[in-house]
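Shown here: coords.csv, CSV, C-alpha atoms (C1' of nucleotides).
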chain,number,residue,atom,x,y,z
A,25,MET,CA,-97.4,-10.9,-33.9
A,26,ALA,CA,-99.6,-8.7,-36.1
A,27,LYS,CA,-102.5,-10.5,-37.6
A,28,ASN,CA,-102.7,-8.4,-40.8
A,29,ALA,CA,-102.0,-4.9,-41.7
A,30,ASP,CA,-105.6,-3.8,-42.0
A,31,ASP,CA,-106.3,-4.7,-38.4
A,32,MET,CA,-103.3,-2.9,-36.9
A,33,GLY,CA,-104.8,0.5,-37.4
A,34,SER,CA,-107.9,-0.5,-35.4
A,35,ARG,CA,-105.9,-2.2,-32.7
A,36,LEU,CA,-103.8,0.9,-32.2
A,37,GLN,CA,-106.9,3.0,-32.2
A,38,ARG,CA,-108.6,1.0,-29.6
A,39,ALA,CA,-105.4,0.9,-27.4
A,40,ALA,CA,-105.2,4.7,-27.7
A,41,LEU,CA,-108.8,5.2,-26.8
A,42,ASP,CA,-108.4,3.0,-23.7
A,43,LEU,CA,-105.3,4.7,-22.5
A,44,PHE,CA,-106.6,8.2,-23.2
A,45,ARG,CA,-109.6,7.3,-21.0
A,46,GLU,CA,-107.5,5.9,-18.3
A,47,GLN,CA,-104.9,8.6,-17.9
A,48,GLY,CA,-105.8,11.4,-20.3
A,49,TYR,CA,-104.3,12.3,-23.7
A,50,ASP,CA,-101.4,14.3,-22.4
A,51,ARG,CA,-100.2,11.7,-20.0
A,52,THR,CA,-100.3,9.0,-22.7
A,53,THR,CA,-97.3,8.5,-24.9
A,54,ALA,CA,-97.2,7.2,-28.4
A,55,ALA,CA,-94.8,4.5,-27.2
A,56,GLY,CA,-97.3,3.5,-24.5
A,57,ILE,CA,-100.1,3.1,-27.1
A,58,ALA,CA,-97.8,1.0,-29.3
A,59,ALA,CA,-96.8,-1.1,-26.4
A,60,ARG,CA,-100.4,-1.9,-25.5
A,61,ALA,CA,-101.0,-2.9,-29.1
A,62,GLY,CA,-97.9,-5.1,-29.0
A,63,VAL,CA,-95.8,-3.2,-31.4
A,64,THR,CA,-93.0,-0.6,-31.3
A,65,GLU,CA,-93.4,3.2,-31.3
A,66,ARG,CA,-92.1,3.3,-34.8
A,67,THR,CA,-94.9,1.1,-36.0
A,68,PHE,CA,-97.4,3.5,-34.5
A,69,PHE,CA,-96.1,6.3,-36.6
A,70,ARG,CA,-96.2,4.2,-39.7
A,71,TYR,CA,-100.0,4.0,-39.3
A,72,PHE,CA,-100.7,7.5,-38.1
A,73,ALA,CA,-99.0,10.6,-39.2
A,74,ASP,CA,-99.0,12.0,-35.6
A,75,LYS,CA,-100.4,11.2,-32.2
A,76,ARG,CA,-103.6,13.1,-32.7
A,77,GLU,CA,-104.5,11.4,-35.9
A,78,VAL,CA,-105.2,8.1,-34.1
A,79,LEU,CA,-108.7,9.4,-33.1
A,80,PHE,CA,-109.6,10.7,-36.6
A,81,GLY,CA,-109.5,7.6,-38.7
A,82,GLY,CA,-113.2,7.3,-39.5
A,83,GLU,CA,-113.5,10.7,-41.2
A,84,ALA,CA,-113.0,9.2,-44.7
A,85,VAL,CA,-116.0,7.0,-44.4
A,86,LEU,CA,-118.2,9.9,-43.4
A,87,ARG,CA,-116.9,12.1,-46.2
A,88,SER,CA,-117.5,9.6,-48.9
A,89,ALA,CA,-121.0,8.9,-47.6
A,90,LEU,CA,-121.8,12.6,-47.6
A,91,LEU,CA,-120.3,13.1,-51.1
A,92,ARG,CA,-122.3,10.3,-52.5
A,93,ALA,CA,-125.5,11.6,-51.0
A,94,ILE,CA,-124.9,15.0,-52.5
A,95,ALA,CA,-124.2,13.5,-55.9
A,96,GLU,CA,-127.4,11.5,-55.8
A,97,ALA,CA,-129.6,14.3,-54.5
A,98,PRO,CA,-132.5,15.4,-56.8
A,99,GLU,CA,-131.3,18.0,-59.4
A,100,GLN,CA,-133.7,20.7,-58.5
A,101,LEU,CA,-132.7,21.0,-54.8
A,102,GLY,CA,-130.8,24.1,-53.7
A,103,PRO,CA,-127.4,23.8,-52.0
A,104,LEU,CA,-128.7,24.0,-48.4
A,105,ASP,CA,-131.5,21.5,-49.0
A,106,THR,CA,-129.1,19.2,-50.7
A,107,LEU,CA,-126.6,19.5,-47.8
A,108,PHE,CA,-129.1,18.9,-45.0
A,109,ARG,CA,-130.6,16.0,-46.8
A,110,SER,CA,-127.2,14.5,-47.0
A,111,PHE,CA,-126.7,15.0,-43.3
A,112,GLN,CA,-129.9,13.2,-42.6
A,113,SER,CA,-128.8,10.3,-44.8
A,114,VAL,CA,-125.8,9.5,-42.7
A,115,GLY,CA,-127.7,9.4,-39.5
A,116,SER,CA,-127.7,5.6,-39.2
A,117,LEU,CA,-124.0,5.5,-39.9
A,118,LEU,CA,-123.4,7.8,-37.0
A,119,GLU,CA,-125.8,5.9,-34.7
A,120,ASN,CA,-123.9,2.7,-35.4
A,121,ASN,CA,-120.6,4.4,-34.4
A,122,ARG,CA,-122.1,5.8,-31.2
A,123,PRO,CA,-120.3,3.4,-28.9
A,124,PHE,CA,-117.0,4.6,-30.2
A,125,SER,CA,-117.9,8.2,-30.8
A,126,VAL,CA,-119.2,9.0,-27.3
A,127,PRO,CA,-115.9,8.3,-25.4
A,128,ARG,CA,-114.0,9.7,-28.3
A,129,GLN,CA,-115.8,13.0,-28.1
A,130,GLU,CA,-115.3,13.1,-24.3
A,131,ILE,CA,-111.6,12.9,-24.8
A,132,ILE,CA,-111.6,15.5,-27.5
A,133,SER,CA,-113.7,17.9,-25.4
A,134,ALA,CA,-111.1,17.6,-22.6
A,135,THR,CA,-108.1,18.1,-24.9
A,136,PRO,CA,-107.4,21.4,-26.7
A,137,ALA,CA,-104.9,19.8,-29.0
A,138,LEU,CA,-107.6,17.4,-30.2
A,139,GLN,CA,-110.2,20.1,-30.6
A,140,GLU,CA,-107.8,21.9,-33.0
A,141,ARG,CA,-107.5,18.8,-35.1
A,142,GLU,CA,-111.3,18.3,-35.0
A,143,GLN,CA,-111.9,21.9,-36.3
A,144,ALA,CA,-109.3,21.4,-39.0
A,145,LYS,CA,-111.0,18.1,-40.1
A,146,LEU,CA,-114.4,19.8,-40.2
A,147,ALA,CA,-113.0,22.6,-42.3
A,148,ALA,CA,-111.4,20.2,-44.7
A,149,LEU,CA,-114.7,18.2,-44.9
A,150,ALA,CA,-116.6,21.4,-45.6
A,151,ASP,CA,-114.2,22.2,-48.4
A,152,ALA,CA,-114.8,18.8,-49.9
A,153,LEU,CA,-118.6,19.3,-49.7
A,154,ALA,CA,-118.3,22.7,-51.3
A,155,VAL,CA,-116.6,21.1,-54.3
A,156,ALA,CA,-119.5,18.7,-54.6
A,157,LEU,CA,-122.1,21.4,-54.3
A,158,LYS,CA,-120.4,23.5,-57.0
A,159,ALA,CA,-120.4,20.5,-59.3
A,160,ARG,CA,-124.2,20.6,-59.1
A,161,GLY,CA,-124.3,24.1,-60.4
A,162,ALA,CA,-124.0,26.4,-57.4
A,163,THR,CA,-121.7,29.3,-57.6
A,164,GLU,CA,-118.3,29.3,-55.8
A,165,LEU,CA,-119.6,31.7,-53.2
A,166,GLN,CA,-122.8,29.8,-52.6
A,167,SER,CA,-121.0,26.5,-52.4
A,168,VAL,CA,-118.4,27.5,-49.9
A,169,LEU,CA,-120.9,29.5,-47.8
A,170,ALA,CA,-123.4,26.7,-47.7
A,171,ALA,CA,-120.8,24.1,-46.9
A,172,ARG,CA,-119.2,26.1,-44.1
A,173,THR,CA,-122.4,27.1,-42.6
A,174,GLY,CA,-124.0,23.7,-43.0
A,175,MET,CA,-120.9,21.9,-41.5
A,176,ALA,CA,-121.0,24.1,-38.5
A,177,ALA,CA,-124.7,23.2,-38.0
A,178,PHE,CA,-124.0,19.6,-38.5
A,179,ALA,CA,-121.1,19.5,-36.0
A,180,MET,CA,-123.3,21.3,-33.4
A,181,ALA,CA,-126.1,18.8,-33.9
A,182,THR,CA,-123.8,15.9,-33.7
A,183,VAL,CA,-121.9,17.0,-30.6
A,184,ALA,CA,-125.1,17.8,-28.8
A,185,TRP,CA,-126.6,14.5,-29.8
A,186,LEU,CA,-123.6,12.6,-28.6
A,187,GLU,CA,-124.1,14.2,-25.1
A,188,HIS,CA,-127.8,13.6,-25.1
A,189,PRO,CA,-129.3,11.0,-27.4
A,190,GLN,CA,-132.7,12.6,-27.2
A,191,PRO,CA,-133.9,14.3,-29.3
A,192,GLY,CA,-132.5,12.3,-32.1
A,193,LEU,CA,-130.0,13.6,-34.7
A,194,ALA,CA,-132.6,14.0,-37.4
A,195,ASP,CA,-134.8,16.1,-35.2
A,196,ARG,CA,-131.9,18.2,-34.1
A,197,LEU,CA,-130.9,18.9,-37.7
A,198,ASP,CA,-134.5,19.9,-38.6
A,199,LEU,CA,-134.7,22.2,-35.7
A,200,ILE,CA,-131.4,23.9,-36.5
A,201,LEU,CA,-132.2,24.4,-40.1
A,202,LEU,CA,-135.6,25.9,-39.2
A,203,GLU,CA,-133.9,28.2,-36.7
A,204,LEU,CA,-131.3,29.4,-39.2
A,205,LYS,CA,-134.0,30.0,-41.8
A,206,THR,CA,-136.0,32.0,-39.4
A,207,MET,CA,-133.0,34.1,-38.2
A,208,PHE,CA,-131.9,34.9,-41.8
A,209,ALA,CA,-135.4,35.8,-42.7
A,210,ALA,CA,-135.3,38.4,-40.0
A,211,VAL,CA,-132.1,40.0,-41.3
A,212,SER,CA,-132.7,43.6,-42.5
A,213,PRO,CA,-132.9,43.6,-46.3
A,214,ALA,CA,-130.5,46.5,-46.9
A,215,ASP,CA,-127.9,46.3,-44.2
A,216,GLU,CA,-127.2,50.0,-43.7
B,188,MET,CA,-80.2,43.7,-23.7
B,189,ALA,CA,-84.0,43.7,-23.5
B,190,LYS,CA,-85.6,47.1,-23.7
B,191,ASN,CA,-88.7,46.3,-21.8
B,192,ALA,CA,-91.0,43.3,-21.4
B,193,ASP,CA,-93.9,44.7,-23.4
B,194,ASP,CA,-91.7,45.0,-26.4
B,195,MET,CA,-90.3,41.5,-26.3
B,196,GLY,CA,-93.5,39.8,-27.6
B,197,SER,CA,-93.5,42.1,-30.7
B,198,ARG,CA,-89.8,41.6,-31.3
B,199,LEU,CA,-90.2,37.8,-31.2
B,200,GLN,CA,-93.3,38.1,-33.4
B,201,ARG,CA,-91.5,40.1,-36.0
B,202,ALA,CA,-88.4,37.8,-35.9
B,203,ALA,CA,-90.7,34.8,-36.4
B,204,LEU,CA,-92.6,36.4,-39.3
B,205,ASP,CA,-89.3,37.2,-41.1
B,206,LEU,CA,-87.8,33.8,-40.6
B,207,PHE,CA,-91.0,32.0,-41.7
B,208,ARG,CA,-91.0,34.1,-44.9
B,209,GLU,CA,-87.3,33.4,-45.5
B,210,GLN,CA,-87.2,29.7,-44.9
B,211,GLY,CA,-90.8,28.5,-44.2
B,212,TYR,CA,-92.4,27.6,-40.9
B,213,ASP,CA,-91.2,24.0,-40.7
B,214,ARG,CA,-87.5,24.8,-41.3
B,215,THR,CA,-87.6,27.6,-38.7
B,216,THR,CA,-86.8,26.5,-35.1
B,217,ALA,CA,-88.0,28.2,-31.9
B,218,ALA,CA,-84.4,28.6,-31.0
B,219,GLY,CA,-83.7,30.4,-34.3
B,220,ILE,CA,-86.5,32.9,-33.7
B,221,ALA,CA,-85.2,33.6,-30.2
B,222,ALA,CA,-81.7,34.0,-31.5
B,223,ARG,CA,-82.8,36.6,-34.1
B,224,ALA,CA,-84.6,38.5,-31.3
B,225,GLY,CA,-81.4,38.3,-29.2
B,226,VAL,CA,-82.7,36.0,-26.5
B,227,THR,CA,-82.7,32.3,-25.7
B,228,GLU,CA,-85.2,29.6,-26.7
B,229,ARG,CA,-86.5,29.5,-23.1
B,230,THR,CA,-87.5,33.1,-23.3
B,231,PHE,CA,-89.4,32.5,-26.4
B,232,PHE,CA,-91.6,29.9,-24.6
B,233,ARG,CA,-92.2,32.3,-21.8
B,234,TYR,CA,-93.9,34.7,-24.2
B,235,PHE,CA,-95.7,32.1,-26.3
B,236,ALA,CA,-97.2,28.9,-25.2
B,237,ASP,CA,-96.0,27.2,-28.3
B,238,LYS,CA,-94.4,27.9,-31.6
B,239,ARG,CA,-97.6,28.4,-33.5
B,240,GLU,CA,-98.9,30.9,-31.1
B,241,VAL,CA,-96.4,33.5,-32.1
B,242,LEU,CA,-98.5,34.4,-35.2
B,243,PHE,CA,-101.8,34.7,-33.2
B,244,GLY,CA,-101.1,37.4,-30.7
B,245,GLY,CA,-103.5,40.0,-32.1
B,246,GLU,CA,-106.6,37.9,-31.6
B,247,ALA,CA,-107.4,39.5,-28.3
B,248,VAL,CA,-107.7,43.0,-29.7
B,249,LEU,CA,-110.1,41.8,-32.4
B,250,ARG,CA,-112.1,39.9,-29.9
B,251,SER,CA,-112.6,42.8,-27.5
B,252,ALA,CA,-113.4,45.2,-30.3
B,253,LEU,CA,-116.1,42.8,-31.5
B,254,LEU,CA,-117.5,42.2,-28.0
B,255,ARG,CA,-117.7,45.9,-27.4
B,256,ALA,CA,-119.5,46.5,-30.7
B,257,ILE,CA,-122.0,43.8,-29.9
B,258,ALA,CA,-122.7,45.2,-26.4
B,259,GLU,CA,-123.2,48.7,-27.9
B,260,ALA,CA,-125.5,47.6,-30.7
B,261,PRO,CA,-129.1,48.9,-30.7
B,262,GLU,CA,-131.4,46.7,-28.5
B,263,GLN,CA,-133.9,45.8,-31.2
B,264,LEU,CA,-131.5,44.3,-33.6
B,265,GLY,CA,-131.6,40.5,-34.1
B,266,PRO,CA,-128.5,38.3,-33.5
B,267,LEU,CA,-127.3,38.2,-37.1
B,268,ASP,CA,-127.8,41.9,-37.7
B,269,THR,CA,-126.0,42.7,-34.5
B,270,LEU,CA,-123.1,40.4,-35.5
B,271,PHE,CA,-122.6,41.7,-39.0
B,272,ARG,CA,-122.8,45.3,-37.8
B,273,SER,CA,-120.0,44.4,-35.4
B,274,PHE,CA,-118.0,42.9,-38.2
B,275,GLN,CA,-118.4,46.1,-40.2
B,276,SER,CA,-117.3,48.1,-37.2
B,277,VAL,CA,-113.8,46.5,-37.0
B,278,GLY,CA,-113.1,47.1,-40.7
B,279,SER,CA,-110.7,50.0,-40.1
B,280,LEU,CA,-108.9,48.0,-37.4
B,281,LEU,CA,-108.3,45.2,-39.9
B,282,GLU,CA,-107.2,47.6,-42.6
B,283,ASN,CA,-104.6,49.1,-40.4
B,284,ASN,CA,-103.2,45.6,-39.7
B,285,ARG,CA,-103.1,44.8,-43.4
B,286,PRO,CA,-99.3,45.1,-43.8
B,287,PHE,CA,-98.8,42.5,-41.1
B,288,SER,CA,-101.9,40.4,-41.9
B,289,VAL,CA,-101.1,39.8,-45.6
B,290,PRO,CA,-97.7,38.0,-45.1
B,291,ARG,CA,-99.1,36.3,-42.0
B,292,GLN,CA,-101.9,34.8,-44.0
B,293,GLU,CA,-99.6,33.7,-46.7
B,294,ILE,CA,-97.6,31.7,-44.2
B,295,ILE,CA,-100.7,30.3,-42.6
B,296,SER,CA,-102.1,29.2,-46.0
B,297,ALA,CA,-98.8,27.3,-46.7
B,298,THR,CA,-98.7,25.5,-43.3
B,299,PRO,CA,-101.3,23.0,-42.2
B,300,ALA,CA,-100.2,23.2,-38.6
B,301,LEU,CA,-101.0,26.9,-38.6
B,302,GLN,CA,-104.3,26.4,-40.3
B,303,GLU,CA,-105.3,24.2,-37.5
B,304,ARG,CA,-104.5,26.8,-35.0
B,305,GLU,CA,-106.4,29.4,-37.0
B,306,GLN,CA,-109.5,27.3,-37.1
B,307,ALA,CA,-109.3,26.7,-33.4
B,308,LYS,CA,-109.0,30.5,-32.8
B,309,LEU,CA,-112.0,31.2,-34.9
B,310,ALA,CA,-114.0,28.6,-33.0
B,311,ALA,CA,-113.0,30.1,-29.7
B,312,LEU,CA,-113.8,33.6,-31.0
B,313,ALA,CA,-117.2,32.4,-32.2
B,314,ASP,CA,-117.9,31.0,-28.7
B,315,ALA,CA,-117.1,34.3,-27.1
B,316,LEU,CA,-119.4,36.1,-29.5
B,317,ALA,CA,-122.2,33.6,-28.8
B,318,VAL,CA,-122.0,34.5,-25.1
B,319,ALA,CA,-122.3,38.2,-25.9
B,320,LEU,CA,-125.3,37.5,-28.2
B,321,LYS,CA,-127.0,35.5,-25.5
B,322,ALA,CA,-126.5,38.3,-23.0
B,323,ARG,CA,-128.6,40.4,-25.4
B,324,GLY,CA,-131.6,38.1,-25.1
B,325,ALA,CA,-131.1,35.5,-27.8
B,326,THR,CA,-131.6,31.8,-27.0
B,327,GLU,CA,-128.6,29.5,-26.5
B,328,LEU,CA,-129.3,27.8,-29.8
B,329,GLN,CA,-129.7,31.1,-31.7
B,330,SER,CA,-126.6,32.6,-30.2
B,331,VAL,CA,-124.3,29.7,-31.0
B,332,LEU,CA,-125.8,29.2,-34.5
B,333,ALA,CA,-125.5,32.9,-35.4
B,334,ALA,CA,-122.0,33.1,-34.0
B,335,ARG,CA,-120.6,30.0,-35.7
B,336,THR,CA,-122.3,30.9,-39.0
B,337,GLY,CA,-121.4,34.5,-38.8
B,338,MET,CA,-117.8,33.8,-37.9
B,339,ALA,CA,-117.4,31.4,-40.9
B,340,ALA,CA,-118.7,34.2,-43.1
B,341,PHE,CA,-116.4,36.8,-41.5
B,342,ALA,CA,-113.4,34.6,-42.0
B,343,MET,CA,-114.2,33.9,-45.6
B,344,ALA,CA,-114.6,37.6,-46.3
B,345,THR,CA,-111.4,38.5,-44.5
B,346,VAL,CA,-109.2,35.9,-46.2
B,347,ALA,CA,-110.6,36.8,-49.6
B,348,TRP,CA,-110.1,40.5,-48.9
B,349,LEU,CA,-106.5,39.9,-47.8
B,350,GLU,CA,-105.8,38.2,-51.2
B,351,HIS,CA,-107.6,40.9,-53.2
B,352,PRO,CA,-108.2,44.3,-51.6
B,353,GLN,CA,-111.0,45.0,-54.0
B,354,PRO,CA,-113.8,44.8,-53.4
B,355,GLY,CA,-113.4,46.1,-49.8
B,356,LEU,CA,-114.2,44.2,-46.7
B,357,ALA,CA,-117.5,46.0,-46.1
B,358,ASP,CA,-118.8,45.2,-49.5
B,359,ARG,CA,-117.7,41.6,-49.2
B,360,LEU,CA,-119.6,41.2,-45.9
B,361,ASP,CA,-122.7,42.8,-47.4
B,362,LEU,CA,-122.6,40.5,-50.3
B,363,ILE,CA,-122.1,37.4,-48.2
B,364,LEU,CA,-124.9,38.3,-45.8
B,365,LEU,CA,-127.3,38.9,-48.8
B,366,GLU,CA,-126.3,35.6,-50.4
B,367,LEU,CA,-126.9,33.7,-47.1
B,368,LYS,CA,-130.3,35.4,-46.7
B,369,THR,CA,-131.2,34.4,-50.2
B,370,MET,CA,-130.1,30.8,-49.8
B,371,PHE,CA,-131.9,30.3,-46.6
B,372,ALA,CA,-135.1,31.8,-47.9
B,373,ALA,CA,-135.0,29.1,-50.6
B,374,VAL,CA,-134.9,26.3,-48.1
B,375,SER,CA,-137.9,24.1,-48.3
B,376,PRO,CA,-140.2,25.0,-45.3
B,377,ALA,CA,-140.9,21.5,-44.1
B,378,ASP,CA,-137.7,19.5,-44.8
B,379,GLU,CA,-139.3,16.1,-45.4
C,70,DG,C1',-89.0,-3.0,-43.4
C,71,DT,C1',-87.0,-2.7,-38.8
C,72,DC,C1',-83.8,-0.1,-35.6
C,73,DT,C1',-80.8,3.3,-34.2
C,74,DA,C1',-79.7,7.9,-33.9
C,75,DT,C1',-81.0,12.6,-34.0
C,76,DA,C1',-83.6,17.1,-34.4
C,77,DC,C1',-86.8,19.8,-32.5
C,78,DA,C1',-90.8,21.2,-29.3
C,79,DC,C1',-91.6,21.9,-24.9
C,80,DT,C1',-91.0,21.8,-19.4
C,81,DG,C1',-89.0,22.3,-14.8
C,82,DA,C1',-85.4,24.0,-11.7
C,83,DT,C1',-82.0,27.0,-10.3
C,84,DA,C1',-79.1,30.7,-10.3
C,85,DG,C1',-77.9,35.2,-11.9
C,86,DA,C1',-78.7,40.1,-14.2
C,87,DC,C1',-80.9,44.4,-14.1
D,232,DG,C1',-88.5,41.4,-7.8
D,233,DT,C1',-89.3,40.5,-12.3
D,234,DC,C1',-87.1,38.9,-16.3
D,235,DT,C1',-83.4,35.9,-18.5
D,236,DA,C1',-79.7,32.3,-19.0
D,237,DT,C1',-78.2,27.8,-18.3
D,238,DC,C1',-78.9,23.1,-17.7
D,239,DA,C1',-81.2,18.8,-17.8
D,240,DG,C1',-84.8,16.2,-19.3
D,241,DT,C1',-89.2,14.1,-21.7
D,242,DG,C1',-91.7,13.1,-25.7
D,243,DT,C1',-92.9,13.7,-30.7
D,244,DA,C1',-91.5,12.9,-35.1
D,245,DT,C1',-88.1,11.9,-38.9
D,246,DA,C1',-84.3,9.8,-41.4
D,247,DG,C1',-80.6,7.1,-42.5
D,248,DA,C1',-78.4,2.6,-41.6
D,249,DC,C1',-78.8,-2.1,-42.6

Let me see the structure of the file written as structure tokens.
Amino acid sequence: MAKNADDMGSRLQRAALDLFREQGYDRTTAAGIAARAGVTERTFFRYFADKREVLFGGEAVLRSALLRAIAEAPEQLGPLDTLFRSFQSVGSLLENNRPFSVPRQEIISATPALQEREQAKLAALADALAVALKARGATELQSVLAARTGMAAFAMATVAWLEHPQPGLADRLDLILLELKTMFAAVSPADE
Amino acid sequence: MAKNADDMGSRLQRAALDLFREQGYDRTTAAGIAARAGVTERTFFRYFADKREVLFGGEAVLRSALLRAIAEAPEQLGPLDTLFRSFQSVGSLLENNRPFSVPRQEIISATPALQEREQAKLAALADALAVALKARGATELQSVLAARTGMAAFAMATVAWLEHPQPGLADRLDLILLELKTMFAAVSPADE
DNA sequence: GTCTATACACTGATAGAC
DNA sequence: GTCTATCAGTGTATAGAC
């Protein structure tokens, strides 16, 4: 019944998204998702480690795109400039995914269990970016600080942009970076 | 058998921490925790919404302490100065909790499911702080950006300090704030 | 590699203990 | 009257049989 293994993940993902939208995440069972995709519950868990994971498959693509952008950034750029340039570079990737990302984010926003997973994914992604930044010569502290801070900003920009497409993601990122720069410039030099 | 209701939460918490240390989080069942505390599994779930939550009871104390510090901060301080002063003000609170926090953090670091919960708690705490910052006159964007960024820095400082008590938490926070200020000052003014 | 059995997390209801 | 035990059940996730 299955066409090929590569497709099954997508089929399950689509079935899950549909069911979550129809009846909510909690009222949807893993067996129900599997049934809609024409397979058994056991097969579902062969493709996804747990029920939440079915909505977080695309993360790997985003991560590798960001890592590549960081590696290819001009040598002389600082960690934060490198990072925000990388965020800008994946804009079109995110725009192409918008039809899937919008309903997905609605479901996540309505489901605490999925918000937890999302936060964990963002933290893991930030750690991966920190490694890439460190490889460019930044210190450990700089890398982790920039990655965590930048990832928080990136997530804020993305979520807001999914809710309201205007202004665009690039403008939102610029605005956020400028706001952060301004706020940190206002910090008292010697804190106490 | 139960002394009083107020104590039961702490008893279960201690029993859980002990068992997690002895056999790990995954190999410990909710029924096992309850049994060590002298009650049934059903009682465990009356005190904690789920198994993970048993390690995150103290969050409310930290939150209210931070919110109070923000509300009492001098009017003229900017969001980030307000925030980091508040972090500094809860230092002694965290030091008193160190005997509990150190083993707790070890267990969390070894358990992905608990790391997820921790990230979620940090995000929720950041949102609460953002509301408090906004009440002091900051814009929505400033409040959320400062809170998310500051919370990431606070968490980094705390985790590192739990692993190695020296340097102290206050010094770590100062160092991080300075590093952030320096990095953002180096950001190119007009980002492309 | 699929299927069956099972452990464990969690929920509701009801009745009983203090 | 609040807190707890007991019971019965659903759903997630794993593992061993074959």

Long-range neighbours of segment 157-168 of chain A as a PyMOL selection string, 9 Å cut-off, only C-alpha atoms (C1' of nucleotides), 2 positions minimum in chain
(chain A and resi 94-95+99+102-103+106-107+150-155+170-173) or (chain B and resi 343+363+366-367+370)

Quick one: write out the picked residues with C-alpha atoms as a compact mmCIF listing (two decimals), in the frame of the given file?
# COMPACT_ATOMS: atom_id res chain seq x y z
CA ILE A 94 -124.90 15.00 -52.50
CA ALA A 95 -124.20 13.50 -55.90
CA GLU A 99 -131.30 18.00 -59.40
CA GLY A 102 -130.80 24.10 -53.70
CA PRO A 103 -127.40 23.80 -52.00
CA THR A 106 -129.10 19.20 -50.70
CA LEU A 107 -126.60 19.50 -47.80
CA ALA A 150 -116.60 21.40 -45.60
CA ASP A 151 -114.20 22.20 -48.40
CA ALA A 152 -114.80 18.80 -49.90
CA LEU A 153 -118.60 19.30 -49.70
CA ALA A 154 -118.30 22.70 -51.30
CA VAL A 155 -116.60 21.10 -54.30
CA ALA A 170 -123.40 26.70 -47.70
CA ALA A 171 -120.80 24.10 -46.90
CA ARG A 172 -119.20 26.10 -44.10
CA THR A 173 -122.40 27.10 -42.60
CA MET B 343 -114.20 33.90 -45.60
CA ILE B 363 -122.10 37.40 -48.20
CA GLU B 366 -126.30 35.60 -50.40
CA LEU B 367 -126.90 33.70 -47.10
CA MET B 370 -130.10 30.80 -49.80

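When atom CA of Arg359 of chain B is paired with atom CA of Ala256 of chain B, their separation reads 19.2 Å.
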
I need the residue nearest chain C from this list: A:Arg76, A:Lys145, A:Glu65, A:His188. Use all atoms listed in the file for the distance.
A:Glu65

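The residue that comes closest to chain C, out of A:Arg51, A:Arg66, A:Arg87, A:Arg38 and on the basis of only C-alpha atoms (C1' of nucleotides), is A:Arg66.
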
Return as JSON, numbers by chain the residues belonging to chain A that are within 12 Å of chain D, counting all atoms listed in the file.
{"A": [50, 51, 52, 53, 54, 55, 56, 65, 66, 68, 69, 70, 72, 73, 74, 75, 76]}

Could you list, as a VMD selection string, every residue within 8 Å of Ala340 of chain B, counting only C-alpha atoms (C1' of nucleotides) and ignoring same-chain residues fewer than 5 positions away?
(chain A and resid 169) or (chain B and resid 360 363 to 364)
